[in-house]
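**Student:** See work29.tsv below, with TSV, C-alpha atoms.
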chain	number	residue	atom	x	y	z
V	1	MET	CA	121.12	122.21	134.01
V	2	THR	CA	119.08	121.03	131.07
V	3	ALA	CA	119.73	118.75	128.14
V	4	ARG	CA	118.42	119.21	124.64
V	5	MET	CA	117.73	116.32	122.30
V	6	ALA	CA	118.45	116.23	118.58
V	7	LEU	CA	115.60	114.91	116.43
V	8	MET	CA	116.26	112.98	113.25
V	9	GLU	CA	113.53	112.41	110.66
V	10	ILE	CA	113.50	109.31	108.61
V	11	GLY	CA	111.46	109.11	105.42
V	12	VAL	CA	110.25	106.18	103.28
V	13	ALA	CA	110.74	106.04	99.51
V	14	MET	CA	108.39	104.15	97.19
V	15	VAL	CA	108.81	103.00	93.59
V	16	ALA	CA	107.39	100.91	90.78
V	17	ALA	CA	104.85	98.12	90.89
V	18	SER	CA	105.83	94.48	91.21
V	19	ALA	CA	104.56	91.96	88.67
V	20	PHE	CA	105.85	88.65	89.97
V	21	ALA	CA	108.75	87.13	91.84
V	22	ALA	CA	110.66	83.88	91.96
V	23	CYS	CA	112.50	83.32	95.22
V	24	THR	CA	114.87	80.58	96.31
V	25	GLY	CA	115.86	79.54	99.77
V	26	ASP	CA	119.21	79.42	101.54
V	27	ALA	CA	121.51	76.47	100.97
V	28	ALA	CA	120.27	73.98	103.51
V	29	ASP	CA	122.28	71.46	105.45
V	30	ALA	CA	121.34	67.81	105.78
V	31	GLU	CA	119.05	68.40	108.76
V	32	THR	CA	116.97	71.35	107.58
V	33	GLY	CA	115.11	72.48	104.47
V	34	SER	CA	114.57	75.71	102.55
V	35	LEU	CA	111.62	77.51	101.02
V	36	GLY	CA	111.56	78.64	97.38
V	37	MET	CA	108.78	81.16	96.78
V	38	GLU	CA	106.94	82.41	93.71
V	39	VAL	CA	104.48	85.26	94.25
V	40	GLN	CA	102.15	86.86	91.72
V	41	ILE	CA	100.07	89.98	92.33
V	42	GLY	CA	97.58	91.88	90.24
V	43	PRO	CA	98.91	94.23	87.54
V	44	GLY	CA	99.02	97.96	88.25
V	45	VAL	CA	99.47	97.58	92.00
V	46	THR	CA	102.48	99.44	93.42
V	47	LEU	CA	103.99	98.05	96.60
V	48	SER	CA	106.74	99.32	98.87
V	49	SER	CA	107.17	96.20	101.01
V	50	VAL	CA	105.61	92.79	101.59
V	51	ASN	CA	105.37	91.28	105.07
V	52	TRP	CA	105.50	87.51	105.47
V	53	SER	CA	105.17	84.97	108.25
V	54	ILE	CA	105.82	81.22	108.34
V	55	ASN	CA	104.10	79.13	111.00
V	56	ASN	CA	103.75	75.48	111.93
V	57	ALA	CA	100.95	74.90	114.43
V	58	ALA	CA	102.10	71.37	115.26
V	59	SER	CA	105.72	72.21	116.10
V	60	GLY	CA	105.19	75.79	117.24
V	61	PHE	CA	107.73	77.06	114.70
V	62	SER	CA	107.31	80.72	113.72
V	63	ARG	CA	109.31	83.16	111.61
V	64	THR	CA	108.47	86.59	110.20
V	65	GLY	CA	110.09	89.03	107.85
V	66	SER	CA	109.58	91.90	105.44
V	67	VAL	CA	110.65	92.16	101.80
V	68	ASN	CA	111.69	95.63	100.61
V	69	VAL	CA	110.53	96.04	97.01
V	70	ARG	CA	111.02	99.79	96.70
V	71	PHE	CA	113.81	99.49	94.15
V	72	SER	CA	112.80	96.27	92.41
V	73	ASN	CA	110.32	95.09	89.85
V	74	THR	CA	110.09	91.71	91.59
V	75	ILE	CA	109.28	90.43	95.04
V	76	SER	CA	112.22	88.29	96.13
V	77	PHE	CA	113.26	86.84	99.43
V	78	GLN	CA	114.79	83.66	100.74
V	79	THR	CA	114.66	81.80	103.99
V	80	GLY	CA	116.25	78.54	105.03
V	81	VAL	CA	117.09	76.41	108.08
V	82	LEU	CA	113.48	75.27	108.44
V	83	PRO	CA	112.94	72.15	110.56
V	84	PRO	CA	111.64	69.31	108.36
V	85	GLY	CA	107.99	68.41	108.67
V	86	ALA	CA	104.48	68.91	107.34
V	87	GLY	CA	101.85	71.48	108.33
V	88	TYR	CA	103.70	74.67	107.40
V	89	ALA	CA	101.85	77.77	106.17
V	90	ILE	CA	103.18	81.03	104.78
V	91	THR	CA	101.08	84.20	104.88
V	92	LEU	CA	101.92	87.38	102.95
V	93	GLY	CA	100.42	90.84	103.32
V	94	ALA	CA	100.96	94.28	101.84
V	95	THR	CA	99.26	97.61	101.23
V	96	SER	CA	99.74	99.52	97.99
V	97	VAL	CA	101.65	102.78	98.32
V	98	ASP	CA	98.54	104.83	97.56
V	99	GLY	CA	96.56	102.98	100.21
V	100	ALA	CA	93.92	101.93	97.69
V	101	PHE	CA	94.61	98.19	97.80
V	102	THR	CA	95.16	95.67	100.57
V	103	CYS	CA	96.94	92.52	99.41
V	104	ILE	CA	96.96	89.11	101.09
V	105	GLY	CA	98.05	85.63	100.15
V	106	SER	CA	98.80	82.30	101.81
V	107	ALA	CA	99.85	78.75	101.01
V	108	GLY	CA	100.66	75.52	102.80
V	109	PHE	CA	103.82	73.48	102.28
V	110	LYS	CA	105.97	70.67	103.62
V	111	VAL	CA	109.69	70.95	104.41
V	112	THR	CA	112.06	68.11	103.53
V	113	ALA	CA	115.58	68.06	104.97
V	114	GLY	CA	118.23	69.11	102.47
V	115	VAL	CA	115.65	70.10	99.85
V	116	VAL	CA	114.46	73.48	98.55
V	117	THR	CA	110.66	73.30	98.65
V	118	PRO	CA	108.93	75.28	95.85
V	119	VAL	CA	105.76	77.08	96.93
V	120	THR	CA	103.43	79.07	94.67
V	121	THR	CA	100.79	81.50	95.88
V	122	VAL	CA	98.80	84.46	94.60
V	123	LEU	CA	98.85	87.79	96.38
V	124	THR	CA	95.26	89.00	95.97
V	125	CYS	CA	94.74	92.76	96.13
V	126	SER	CA	91.32	94.28	96.80
V	127	SER	CA	90.14	97.86	97.06
V	128	ALA	CA	87.89	99.39	99.68
V	129	ALA	CA	84.20	98.49	99.51
V	130	PRO	CA	81.90	100.88	97.60
V	131	GLY	CA	80.96	103.92	99.62
V	132	GLN	CA	84.07	103.72	101.77
V	133	GLY	CA	87.12	105.91	101.64
V	134	THR	CA	90.83	105.37	102.11
V	135	ILE	CA	93.42	107.49	103.82
V	136	VAL	CA	97.19	107.50	103.45
V	137	VAL	CA	99.09	108.33	106.62
V	138	ASN	CA	102.55	109.84	106.19
V	139	GLY	CA	104.54	109.79	109.40
V	140	THR	CA	108.08	110.45	110.53
V	141	THR	CA	110.32	108.62	112.94
V	142	GLN	CA	112.30	110.73	115.34
V	143	LEU	CA	115.52	109.51	116.91
V	144	CYS	CA	116.11	111.29	120.21
V	145	ALA	CA	119.38	111.42	122.09
V	146	ASN	CA	119.33	110.20	125.66
V	147	LEU	CA	121.16	112.10	128.37
V	148	ASP	CA	122.28	109.19	130.51
V	149	SER	CA	124.18	111.05	133.24
V	150	LEU	CA	125.14	114.58	134.21
V	151	SER	CA	127.43	115.75	136.99
V	152	ALA	CA	129.17	118.89	138.29
V	153	SER	CA	131.85	118.96	140.97
V	154	PRO	CA	131.70	121.04	143.04
V	155	LEU	CA	128.25	122.58	142.67
V	156	GLU	CA	129.41	125.80	144.33
V	157	THR	CA	132.81	127.45	144.27
V	158	ALA	CA	134.53	130.83	144.29
V	159	VAL	CA	134.59	133.27	141.38
V	160	ASN	CA	137.29	132.66	138.77
V	161	THR	CA	137.69	129.05	139.88
V	162	SER	CA	136.81	125.83	138.12
V	163	ILE	CA	134.01	123.24	138.17
V	164	LEU	CA	134.46	119.84	136.56
V	165	LEU	CA	131.50	118.88	134.37
V	166	SER	CA	130.66	115.49	132.89
V	167	ALA	CA	127.86	114.10	130.72
V	168	THR	CA	127.22	110.78	129.03
V	169	GLY	CA	124.68	110.20	126.31
V	170	SER	CA	123.47	107.59	123.85
V	171	LEU	CA	121.99	107.83	120.38
V	172	GLY	CA	121.32	104.26	119.32
V	173	ALA	CA	124.11	103.05	117.05
V	174	LEU	CA	125.26	106.63	116.40
V	175	THR	CA	128.05	108.47	118.17
V	176	PRO	CA	126.79	111.57	120.02
V	177	THR	CA	128.57	114.89	120.24
V	178	PHE	CA	128.27	117.39	123.08
V	179	ALA	CA	127.86	121.16	123.08
V	180	TRP	CA	128.02	123.08	126.39
V	181	THR	CA	126.84	126.64	126.90
V	182	ALA	CA	126.65	128.86	129.97
V	183	SER	CA	124.99	132.16	130.84
V	184	ALA	CA	128.44	133.41	131.91
V	185	GLY	CA	131.90	131.95	132.43
V	186	THR	CA	134.08	129.91	130.08
V	187	PHE	CA	134.85	126.30	129.09
V	188	ASP	CA	138.23	124.85	128.24
V	189	ASP	CA	136.51	122.94	125.38
V	190	ALA	CA	132.72	123.14	125.07
V	191	THR	CA	132.62	120.13	122.72
V	192	LEU	CA	133.99	117.63	125.25
V	193	ALA	CA	131.84	115.23	127.20
V	194	SER	CA	133.73	116.26	130.35
V	195	PRO	CA	134.90	119.88	130.08
V	196	THR	CA	136.21	122.22	132.76
V	197	TYR	CA	134.05	125.27	133.42
V	198	THR	CA	135.54	128.44	134.93
V	199	CYS	CA	133.21	130.68	136.91
V	200	PRO	CA	132.95	134.38	135.96
V	201	ALA	CA	134.40	137.16	138.08
V	202	THR	CA	130.94	138.20	139.30
V	203	PRO	CA	129.21	136.09	141.99
V	204	GLY	CA	125.81	134.57	141.19
V	205	LYS	CA	124.00	131.53	139.82
V	206	GLU	CA	124.80	130.55	136.25
V	207	LEU	CA	122.80	128.28	133.94
V	208	ILE	CA	124.89	125.60	132.21
V	209	THR	CA	123.32	123.65	129.32
V	210	VAL	CA	124.53	120.62	127.41
V	211	SER	CA	123.07	119.56	124.04
V	212	ILE	CA	123.54	116.08	122.57
V	213	SER	CA	123.35	115.43	118.84
V	214	PRO	CA	124.74	112.98	116.27
V	215	SER	CA	128.43	113.46	115.54
V	216	SER	CA	129.08	115.43	112.38
V	217	THR	CA	130.51	112.56	110.33
V	218	PHE	CA	129.62	111.60	106.79
V	219	THR	CA	128.49	108.21	108.10
V	220	ASN	CA	125.83	109.92	110.22
V	221	VAL	CA	124.86	112.36	107.47
V	222	TYR	CA	124.33	109.50	105.03
V	223	ALA	CA	122.58	107.14	107.44
V	224	ASN	CA	120.16	109.70	108.88
V	225	ILE	CA	119.57	112.09	105.99
V	226	ILE	CA	120.78	111.04	102.56
V	227	GLY	CA	119.88	107.38	102.92
V	228	ALA	CA	116.56	108.18	104.57
V	229	ARG	CA	115.35	111.14	102.51
V	230	CYS	CA	117.31	111.36	99.24
V	231	ILE	CA	118.07	108.02	97.59
V	232	GLY	CA	114.47	107.44	96.54
V	233	CYS	CA	115.22	109.88	93.69
V	234	HIS	CA	119.01	110.11	93.66
V	235	ARG	CA	119.62	106.59	92.41
V	236	PRO	CA	120.09	105.15	88.91
V	237	GLY	CA	116.83	105.54	87.01
V	238	GLY	CA	115.47	108.17	89.40
V	239	GLY	CA	114.81	111.83	88.67
V	240	GLY	CA	117.67	112.88	90.93
V	241	VAL	CA	120.07	111.17	88.51
V	242	ASN	CA	118.26	111.71	85.22
V	243	VAL	CA	117.59	115.41	85.87
V	244	GLY	CA	119.69	116.32	88.90
V	245	MET	CA	122.71	114.40	87.59
V	246	LEU	CA	123.52	113.31	91.14
V	247	ASP	CA	123.79	109.66	92.17
V	248	MET	CA	123.75	109.13	95.95
V	249	SER	CA	122.53	105.52	95.94
V	250	THR	CA	125.51	104.37	98.02
V	251	PRO	CA	127.73	106.18	100.54
V	252	SER	CA	130.74	105.95	98.23
V	253	ALA	CA	128.79	107.31	95.25
V	254	ALA	CA	127.32	110.12	97.35
V	255	TYR	CA	130.67	111.27	98.71
V	256	ALA	CA	132.39	111.08	95.30
V	257	ASN	CA	129.59	113.05	93.64
V	258	LEU	CA	129.20	115.70	96.33
V	259	VAL	CA	132.49	116.96	97.72
V	260	GLY	CA	134.24	119.43	95.44
V	261	VAL	CA	131.96	118.56	92.52
V	262	THR	CA	130.24	121.15	90.34
V	263	ALA	CA	126.44	120.89	90.13
V	264	LYS	CA	125.26	119.57	86.76
V	265	GLY	CA	121.46	119.50	87.21
V	266	ILE	CA	119.44	120.27	84.09
V	267	GLY	CA	116.08	120.90	85.77
V	268	ALA	CA	115.09	124.52	86.46
V	269	GLY	CA	112.68	123.56	89.23
V	270	THR	CA	110.88	126.25	91.22
V	271	SER	CA	113.81	128.67	91.00
V	272	GLY	CA	113.60	128.79	87.21
V	273	VAL	CA	117.37	128.33	86.90
V	274	THR	CA	119.25	125.14	86.04
V	275	CYS	CA	122.26	124.42	88.24
V	276	ALA	CA	124.35	123.51	85.19
V	277	SER	CA	123.91	127.06	83.83
V	278	LEU	CA	125.21	128.97	86.86
V	279	THR	CA	128.25	131.23	86.43
V	280	PRO	CA	130.44	130.82	88.37
V	281	PRO	CA	129.51	127.15	88.75
V	282	ALA	CA	127.85	126.04	91.97
V	283	VAL	CA	129.77	123.45	93.97
V	284	ARG	CA	127.66	120.84	95.73
V	285	VAL	CA	129.89	120.66	98.82
V	286	VAL	CA	132.70	123.13	99.51
V	287	ALA	CA	134.75	121.50	102.24
V	288	GLY	CA	134.89	123.78	105.28
V	289	ASP	CA	132.27	126.22	103.99
V	290	SER	CA	128.63	125.22	104.29
V	291	ALA	CA	127.44	128.72	103.35
V	292	SER	CA	129.01	128.26	99.90
V	293	SER	CA	127.77	124.68	99.46
V	294	LEU	CA	124.77	124.05	97.21
V	295	ILE	CA	123.63	121.07	99.28
V	296	PHE	CA	123.19	123.36	102.28
V	297	ASP	CA	121.36	125.98	100.19
V	298	LYS	CA	118.99	123.31	98.89
V	299	VAL	CA	117.93	121.90	102.27
V	300	HIS	CA	118.07	125.17	104.22
V	301	SER	CA	115.89	127.00	101.68
V	302	LYS	CA	113.10	124.46	102.12
V	303	LEU	CA	113.36	124.67	105.91
V	304	VAL	CA	112.96	128.48	105.90
V	305	GLY	CA	110.55	128.70	102.96
V	306	GLY	CA	113.00	130.25	100.50
V	307	GLN	CA	114.48	129.41	97.11
V	308	PRO	CA	117.93	127.99	96.32
V	309	PRO	CA	120.06	129.60	93.60
V	310	CYS	CA	119.06	126.86	91.15
V	311	GLY	CA	116.68	123.94	90.83
V	312	SER	CA	114.21	123.34	93.65
V	313	PRO	CA	114.43	123.22	97.44
V	314	MET	CA	115.17	119.74	98.73
V	315	PRO	CA	114.02	117.17	99.51
V	316	LEU	CA	111.45	116.60	96.79
V	317	PRO	CA	108.60	116.22	96.11
V	318	ALA	CA	107.38	119.69	96.96
V	319	ALA	CA	104.80	118.24	99.36
V	320	ALA	CA	107.47	116.36	101.32
V	321	ALA	CA	108.42	117.73	104.73
V	322	PRO	CA	111.66	119.69	104.93
V	323	LEU	CA	114.59	118.36	106.90
V	324	THR	CA	114.45	119.29	110.56
V	325	ALA	CA	116.59	122.13	111.87
V	326	ALA	CA	118.78	119.52	113.58
V	327	GLU	CA	119.31	117.65	110.30
V	328	VAL	CA	120.21	120.84	108.43
V	329	ALA	CA	122.60	121.73	111.25
V	330	LEU	CA	124.18	118.26	111.02
V	331	ILE	CA	124.89	118.75	107.31
V	332	ALA	CA	126.37	122.19	108.00
V	333	ALA	CA	128.52	120.85	110.83
V	334	TRP	CA	129.87	118.04	108.66
V	335	VAL	CA	130.71	120.44	105.79
V	336	ASP	CA	132.23	123.07	108.10
V	337	ALA	CA	134.39	120.39	109.76
V	338	GLY	CA	136.02	119.69	106.40
V	339	ALA	CA	133.47	117.39	104.73
V	340	LEU	CA	135.58	114.36	105.60
V	341	ASN	CA	134.75	110.85	104.44
V	342	ASN	CA	134.48	109.61	108.01
In structure tokens, write the structure found in this file.

**Tutor:**
Amino acid sequence: MTARMALMEIGVAMVAASAFAACTGDAADAETGSLGMEVQIGPGVTLSSVNWSINNAASGFSRTGSVNVRFSNTISFQTGVLPPGAGYAITLGATSVDGAFTCIGSAGFKVTAGVVTPVTTVLTCSSAAPGQGTIVVNGTTQLCANLDSLSASPLETAVNTSILLSATGSLGALTPTFAWTASAGTFDDATLASPTYTCPATPGKELITVSISPSSTFTNVYANIIGARCIGCHRPGGGGVNVGMLDMSTPSAAYANLVGVTAKGIGAGTSGVTCASLTPPAVRVVAGDSASSLIFDKVHSKLVGGQPPCGSPMPLPAAAAPLTAAEVALIAAWVDAGALNN
């Protein structure tokens, strides 16, 4: 028996440049202090995130973090519960989204119990030296299901009799689903983790396969696909809202604007047809029918190199990788199962 693993691709969105930030610390108790941070970077530098670390060589204290600035015009973060004392240093680092600039900054400070300590530093961004080039590496993260155990009892039996199968799997914080297939014979329910398999009437060896993938819930669809690949544009102020007329910036907004809702996009895209002009109107998600759902057409067309009935294949931009076959299948499974808000 073999197990197949479902691969999930996670993308990174990037937005406008940061000019400056003023950051305040957590409310501190009487025994600890907090850091209030103000950071300034050069104009015209676009950042996606800023990494920071706080260290105290004398006490051995260390803390690190990352500030997501994709959807903000400021760099803001807070950190508290710092042991009081002198000799602290904070170091910040970032790379511009185009890879042209590397930014660094640092400052020393002292922590006083029960006090928010203001610290000011400059994040200095420099380009590559003359005669040198820069590359931008675009990668994907793949989440693979683990087949933790697999059993069959008995391994050999008579024709037309049963074998008890069982599999367990893990998929991080996600709930896996199971799909069993066999070269011959039948299952009582091929979607169970522990189904009963009935041998065919003809003697011989049969191949039984189990595949593990994320469960077809809206929670999984949003976490692994919409949140990872779509909200960079489909958020207030983005082209997916201004032109596509579709806000998916939160799970509740995405569900409310997808299921049973007519497409209202005003961009013709590569198809040359605006979604708002279609007759009859295109529905973004038709519960129970992925083949009639525009969201499926959009992502499937990019996977197979085709065109949707309106707008452009998704996700954008055109140079972005399509969703994986497993991700497209997850969307279809969720829609076909009734497009529930689960």

**Student:** Just want the 6 Å neighbourhood of Gly169 (chain V), counted on all atoms listed in the file, with same-chain residues fewer than 5 positions away dropped. Output as a list of chain:residue names.

**Tutor:** V:Asn146, V:Leu147, V:Asp148

**Student:** Using all atoms listed in the file, find the one residue out of V:Gly338, V:Pro83, V:Pro317, V:Pro203 that sits nearest to Val115 (chain V).

**Tutor:**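 For Val115 (chain V), the nearest of the candidates is V:Pro83.
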
**Student:** For a test of reading the model, state the distance in Å between CA of Val221 (chain V) and CA of Ser170 (chain V), rounded to one decimal.

**Tutor:**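 Distance reported for this atom pair: 17.1 Å.
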
**Student:** One number please: CA of Leu82 (chain V) to CA of Val111 (chain V), in Å, one decimal.

**Tutor:**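 Computing it gives 7.0 Å between the two atoms.
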
**Student:** To one decimal place in Å, what is the distance between CA of Ala113 (chain V) and CA of Gly80 (chain V)?

**Tutor:**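 Going from CA of Ala113 (chain V) over to CA of Gly80 (chain V), I get 10.5 Å.
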
**Student:** Using all atoms listed in the file, determine which residues lie at most 8 Å from Leu303 (chain V), disregarding the query and same-chain residues fewer than 4 positions distant; provide the list as a list in words.

**Tutor:** Val299, Pro322, Leu323, Thr324 and Ala325 of chain V

**Student:** Region 54-66 of chain V: which residues within 8 Å, counting all atoms listed in the file, same-chain residues fewer than 2 positions away excluded, as a count of residues only?

**Tutor:** 10

**Student:** Using all atoms listed in the file, what residues lie at most 10 Å away from (126.3, 122.8, 98.2) (file coordinates), given as a ChimeraX atom specification?

**Tutor:** /V:258-263,282-287,289-299,332,335

**Student:** For Ala184 (chain V), list every protein, DNA or RNA residue within 12 Å, evaluated using all atoms listed in the file, and leave out those in the same chain fewer than 6 positions away; present the list as a PDB file with C-alpha atoms, in the frame of the given file.

**Tutor:**
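Everything below was put into part21.pdb:
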ATOM      1  CA  VAL V 159     134.590 133.270 141.380  1.00  0.00           C
ATOM      2  CA  ASN V 160     137.290 132.660 138.770  1.00  0.00           C
ATOM      3  CA  TYR V 197     134.050 125.270 133.420  1.00  0.00           C
ATOM      4  CA  THR V 198     135.540 128.440 134.930  1.00  0.00           C
ATOM      5  CA  CYS V 199     133.210 130.680 136.910  1.00  0.00           C
ATOM      6  CA  PRO V 200     132.950 134.380 135.960  1.00  0.00           C
ATOM      7  CA  ALA V 201     134.400 137.160 138.080  1.00  0.00           C
ATOM      8  CA  THR V 202     130.940 138.200 139.300  1.00  0.00           C
ATOM      9  CA  PRO V 203     129.210 136.090 141.990  1.00  0.00           C
ATOM     10  CA  GLY V 204     125.810 134.570 141.190  1.00  0.00           C
ATOM     11  CA  LYS V 205     124.000 131.530 139.820  1.00  0.00           C
ATOM     12  CA  GLU V 206     124.800 130.550 136.250  1.00  0.00           C
ATOM     13  CA  LEU V 207     122.800 128.280 133.940  1.00  0.00           C
ATOM     14  CA  ILE V 208     124.890 125.600 132.210  1.00  0.00           C
ATOM     15  CA  THR V 209     123.320 123.650 129.320  1.00  0.00           C
TER      16      THR V 209
END

**Student:** Choose the residue, out of V:Gly269, V:Gly244, V:Thr120, V:Thr219, that has the smallest atom-to-atom separation from Asn257 (chain V); count all atoms listed in the file.

**Tutor:**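 Between V:Gly269, V:Gly244, V:Thr120, V:Thr219, the residue approaching Asn257 (chain V) most closely is V:Gly244.
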
**Student:** Determine the nearest neighbour of Ala223 (chain V) from the options V:Leu340, V:Leu330, V:Val210, V:Ala100, counting all atoms listed in the file.

**Tutor:**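 Of the candidates, the smallest distance to Ala223 (chain V) is held by V:Leu330.
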
**Student:** I need the residue nearest Asp98 (chain V) from this list: V:Ala190, V:Ala145, V:Leu47, V:Ala321. Use only C-alpha atoms for the distance.

**Tutor:**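 Closest residue, counting only C-alpha atoms: V:Leu47.
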
**Student:** Applying 7 Å and only C-alpha atoms, which residues near Phe101 (chain V) remain after dropping the ones on its own chain fewer than 3 positions away? List them as a list in words.

**Tutor:**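 Non-adjacent residues within range: Thr95, Ser96, Cys125, Ser126 and Ser127 of chain V.
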